[in-house]
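Beneath this line is the structure, given in structure tokens, with notes to follow.
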Amino acid sequence: MNRTLRVGVIGTGALGRHHARIYSELAAAGEAEFVGVHDLVPETAAEVARRHGVRAFPTFESLVEACEALSIVTPTVTHYELARHCLSRGRHVLVEKPMTERSEQAAELVELARQHGCVLQVGHVERFNPVFDYLQSVARQPRFIEVHRLSPYPARSTDVGVVLDLMIHDLDVVLAFVAAPVVSVEAVGVAVLSGSEDIANARLRFANGCVANLTASRVSPERLRKIRVFSAGPDPCYISLDYRAQEGFIYRLAGADEPESSALSRLLALAGREATVVTAYAGRKIVRQPVPLNKDEPLKLELRHFLECVRARQSPRVDGQAAKAALDLALEITRQIQSTKP
């Protein structure tokens, strides 16, 4: 169960470099054997390989033969062929999101993984963010979810629109978070700098009545990744969290034995200090508190989870079926946006 796995990275661009860095760290800790990397630009692969003391393989096929598990961190259009090659040879795969370009390709990869007994994990990294773990623990009956994921125009992932580039992270999160199927989708988007949508909004309605409103933009002057949730049930609450900073606040009903707020505590809360703010109405109090999050690097947690699943031969948190569900929803949103183009 604890044997060292031989791992490699296909694609050493902006994100692939981080995969290589983390595998190198895991190898230094004895959790993996980092074999090497491959990239279509040999100079890029050589630079990353030198940095981590591994081999730059001349072809992806030669790297696959040398490894048991691989990260595929390449443009979306290449995911299907590369993952199919790996899985057909019995290799375990973590493929970055979006899983594939088309739903039928994703379905084929899921079936290939099943046939060959391979772990197929997809890189929806927010599932490993401490923010998501906290949300699941406290917001037991989400009724309304609002998400904003904004960034400047990227130097990568321009082969897909903003829905498949950015929003798909949040689609995966809400599908995992809301225990009900989606019954309706409304979407709008605008192309600004590319040939596909660069700004998009989607409103999802679930069978249990929950509504999710998601906005994604890659033409924003700032980087923003925030989620807000209204949760019902015996412990109603409102939660506002920042994925990037891994911090935020929860607003909840106070217990009968909690003390009244003071003017000092309000001032401390406004300054961002550990303090409780209580407002009262009809004998009931609402408390505003910083959320208790143990900050960590989501990508490192994700890659470690991948290796653990390979060793234990267990299904990963974000398996092929879950990733296909997010992809199908993203493709429907994209279809709606494209169908309303002037």
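Residues in the structure tokens are named by chain (A, B, ... in the order shown) and by number from 1 within that chain; ligands are numbered from 1 in the order shown.
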Might you pull out every residue within 8 Å of Thr74 of chain A, with only C-alpha atoms counted and same-chain residues fewer than 4 positions away left off, and present them as a list in words?
->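 The residues that qualify are Ile10, Gly11, Thr12, Gly13, Gly16, Thr78, His79 and Glu96 of chain A.
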Fewer than 3 positions away in the same chain doesn't count, so skip those; otherwise give me all residues within 10 Å of segment 17-19 of chain A, counting only C-alpha atoms, as a list of chain:residue names.
-> A:Gly8, A:Val9, A:Ile10, A:Gly11, A:Thr12, A:Gly13, A:Ala14, A:Ile22, A:Tyr23, A:Ser24, A:Glu25, A:Val37, A:Thr44, A:Ala45, A:Glu47, A:Val48, A:Ala49, A:Ser71, A:Ile72, A:Val73, A:Leu299, A:Lys300, A:Leu303
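For the choices A:Glu126, A:Glu108, A:Asp172, A:Glu247, the atom-to-atom distance to Leu301 of chain A is smallest for A:Glu126 when using only C-alpha atoms.
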Could you tell me, as a PDB file with all heavy atoms, in the first residue's frame, which residues of segment 103-144 of chain A DSSP assigns to strand (DSSP E) when given the backbone?
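Ended up saving to part.pdb:
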ATOM      1  N   LEU A 120      -8.797   7.027 -12.906  1.00  0.00           N
ATOM      2  CA  LEU A 120      -8.946   8.194 -13.776  1.00  0.00           C
ATOM      3  C   LEU A 120      -9.468   9.337 -12.915  1.00  0.00           C
ATOM      4  O   LEU A 120     -10.601   9.307 -12.457  1.00  0.00           O
ATOM      5  CB  LEU A 120      -9.919   7.897 -14.922  1.00  0.00           C
ATOM      6  CG  LEU A 120     -10.310   9.091 -15.805  1.00  0.00           C
ATOM      7  CD1 LEU A 120      -9.090   9.713 -16.467  1.00  0.00           C
ATOM      8  CD2 LEU A 120     -11.346   8.672 -16.853  1.00  0.00           C
ATOM      9  N   GLN A 121      -8.612  10.299 -12.683  1.00  0.00           N
ATOM     10  CA  GLN A 121      -8.981  11.471 -11.879  1.00  0.00           C
ATOM     11  C   GLN A 121      -8.881  12.708 -12.759  1.00  0.00           C
ATOM     12  O   GLN A 121      -8.036  12.770 -13.660  1.00  0.00           O
ATOM     13  CB  GLN A 121      -8.050  11.611 -10.671  1.00  0.00           C
ATOM     14  CG  GLN A 121      -8.393  12.774  -9.745  1.00  0.00           C
ATOM     15  CD  GLN A 121      -7.572  12.751  -8.463  1.00  0.00           C
ATOM     16  OE1 GLN A 121      -7.229  11.683  -7.937  1.00  0.00           O
ATOM     17  NE2 GLN A 121      -7.251  13.934  -7.952  1.00  0.00           N
ATOM     18  N   VAL A 122      -9.744  13.688 -12.505  1.00  0.00           N
ATOM     19  CA  VAL A 122      -9.748  14.913 -13.299  1.00  0.00           C
ATOM     20  C   VAL A 122      -9.466  16.098 -12.381  1.00  0.00           C
ATOM     21  O   VAL A 122      -9.935  16.159 -11.244  1.00  0.00           O
ATOM     22  CB  VAL A 122     -11.087  15.079 -14.048  1.00  0.00           C
ATOM     23  CG1 VAL A 122     -11.079  16.348 -14.905  1.00  0.00           C
ATOM     24  CG2 VAL A 122     -11.340  13.854 -14.938  1.00  0.00           C
ATOM     25  N   GLY A 123      -8.698  17.053 -12.902  1.00  0.00           N
ATOM     26  CA  GLY A 123      -8.146  18.126 -12.088  1.00  0.00           C
ATOM     27  C   GLY A 123      -9.083  19.257 -11.743  1.00  0.00           C
ATOM     28  O   GLY A 123      -8.813  20.418 -12.092  1.00  0.00           O
ATOM     29  N   PRO A 142     -28.103  23.807   1.202  1.00  0.00           N
ATOM     30  CA  PRO A 142     -27.922  25.027   0.406  1.00  0.00           C
ATOM     31  C   PRO A 142     -29.180  25.351  -0.393  1.00  0.00           C
ATOM     32  O   PRO A 142     -29.754  24.489  -1.056  1.00  0.00           O
ATOM     33  CB  PRO A 142     -26.754  24.669  -0.518  1.00  0.00           C
ATOM     34  CG  PRO A 142     -26.729  23.169  -0.567  1.00  0.00           C
ATOM     35  CD  PRO A 142     -27.204  22.716   0.768  1.00  0.00           C
ATOM     36  N   ARG A 143     -29.598  26.637  -0.304  1.00  0.00           N
ATOM     37  CA  ARG A 143     -30.783  27.081  -1.044  1.00  0.00           C
ATOM     38  C   ARG A 143     -30.421  28.057  -2.147  1.00  0.00           C
ATOM     39  O   ARG A 143     -31.110  28.123  -3.163  1.00  0.00           O
ATOM     40  CB  ARG A 143     -31.785  27.746  -0.088  1.00  0.00           C
ATOM     41  CG  ARG A 143     -32.134  26.929   1.137  1.00  0.00           C
ATOM     42  CD  ARG A 143     -32.577  25.520   0.790  1.00  0.00           C
ATOM     43  NE  ARG A 143     -33.832  25.504   0.041  1.00  0.00           N
ATOM     44  CZ  ARG A 143     -34.235  24.476  -0.694  1.00  0.00           C
ATOM     45  NH1 ARG A 143     -33.484  23.412  -0.816  1.00  0.00           N
ATOM     46  NH2 ARG A 143     -35.381  24.533  -1.334  1.00  0.00           N
ATOM     47  N   PHE A 144     -29.377  28.844  -1.927  1.00  0.00           N
ATOM     48  CA  PHE A 144     -28.911  29.774  -2.960  1.00  0.00           C
ATOM     49  C   PHE A 144     -27.396  29.837  -2.905  1.00  0.00           C
ATOM     50  O   PHE A 144     -26.805  29.971  -1.838  1.00  0.00           O
ATOM     51  CB  PHE A 144     -29.493  31.174  -2.758  1.00  0.00           C
ATOM     52  CG  PHE A 144     -29.021  32.167  -3.796  1.00  0.00           C
ATOM     53  CD1 PHE A 144     -29.487  32.115  -5.094  1.00  0.00           C
ATOM     54  CD2 PHE A 144     -28.090  33.139  -3.459  1.00  0.00           C
ATOM     55  CE1 PHE A 144     -29.041  33.014  -6.053  1.00  0.00           C
ATOM     56  CE2 PHE A 144     -27.641  34.050  -4.409  1.00  0.00           C
ATOM     57  CZ  PHE A 144     -28.120  33.984  -5.709  1.00  0.00           C
TER      58      PHE A 144
END
Measuring atom to atom with only C-alpha atoms, identify which of A:Val174, A:Gly90, A:Ala20, A:Lys285 is nearest to Leu112 of chain A.
->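 Residue with the minimum atom-to-atom distance to Leu112 of chain A: A:Gly90.
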Leu87 of chain A surroundings by only C-alpha atoms, 7 Å radius, close-in-sequence under 6 positions cut, as number ranges by chain | A: 112-113, 116, 118
Thr340 of chain A environment, 10 Å, only C-alpha atoms, sequence neighbours closer than 2 positions dropped, as JSON, numbers by chain | {"A": [187, 188, 189, 190, 335, 336, 337, 338, 342]}
Find the residues near Ala32 of chain A: any atom within 7 Å, counting only C-alpha atoms, skip ones fewer than 5 places away on the same chain, and give them as a list in words.
-> Thr4, Leu5, Arg6, Val7, Leu26 and Ala27 of chain A
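The space between atom CA of His124 of chain A and atom CA of Lys97 of chain A spans 6.2 Å.
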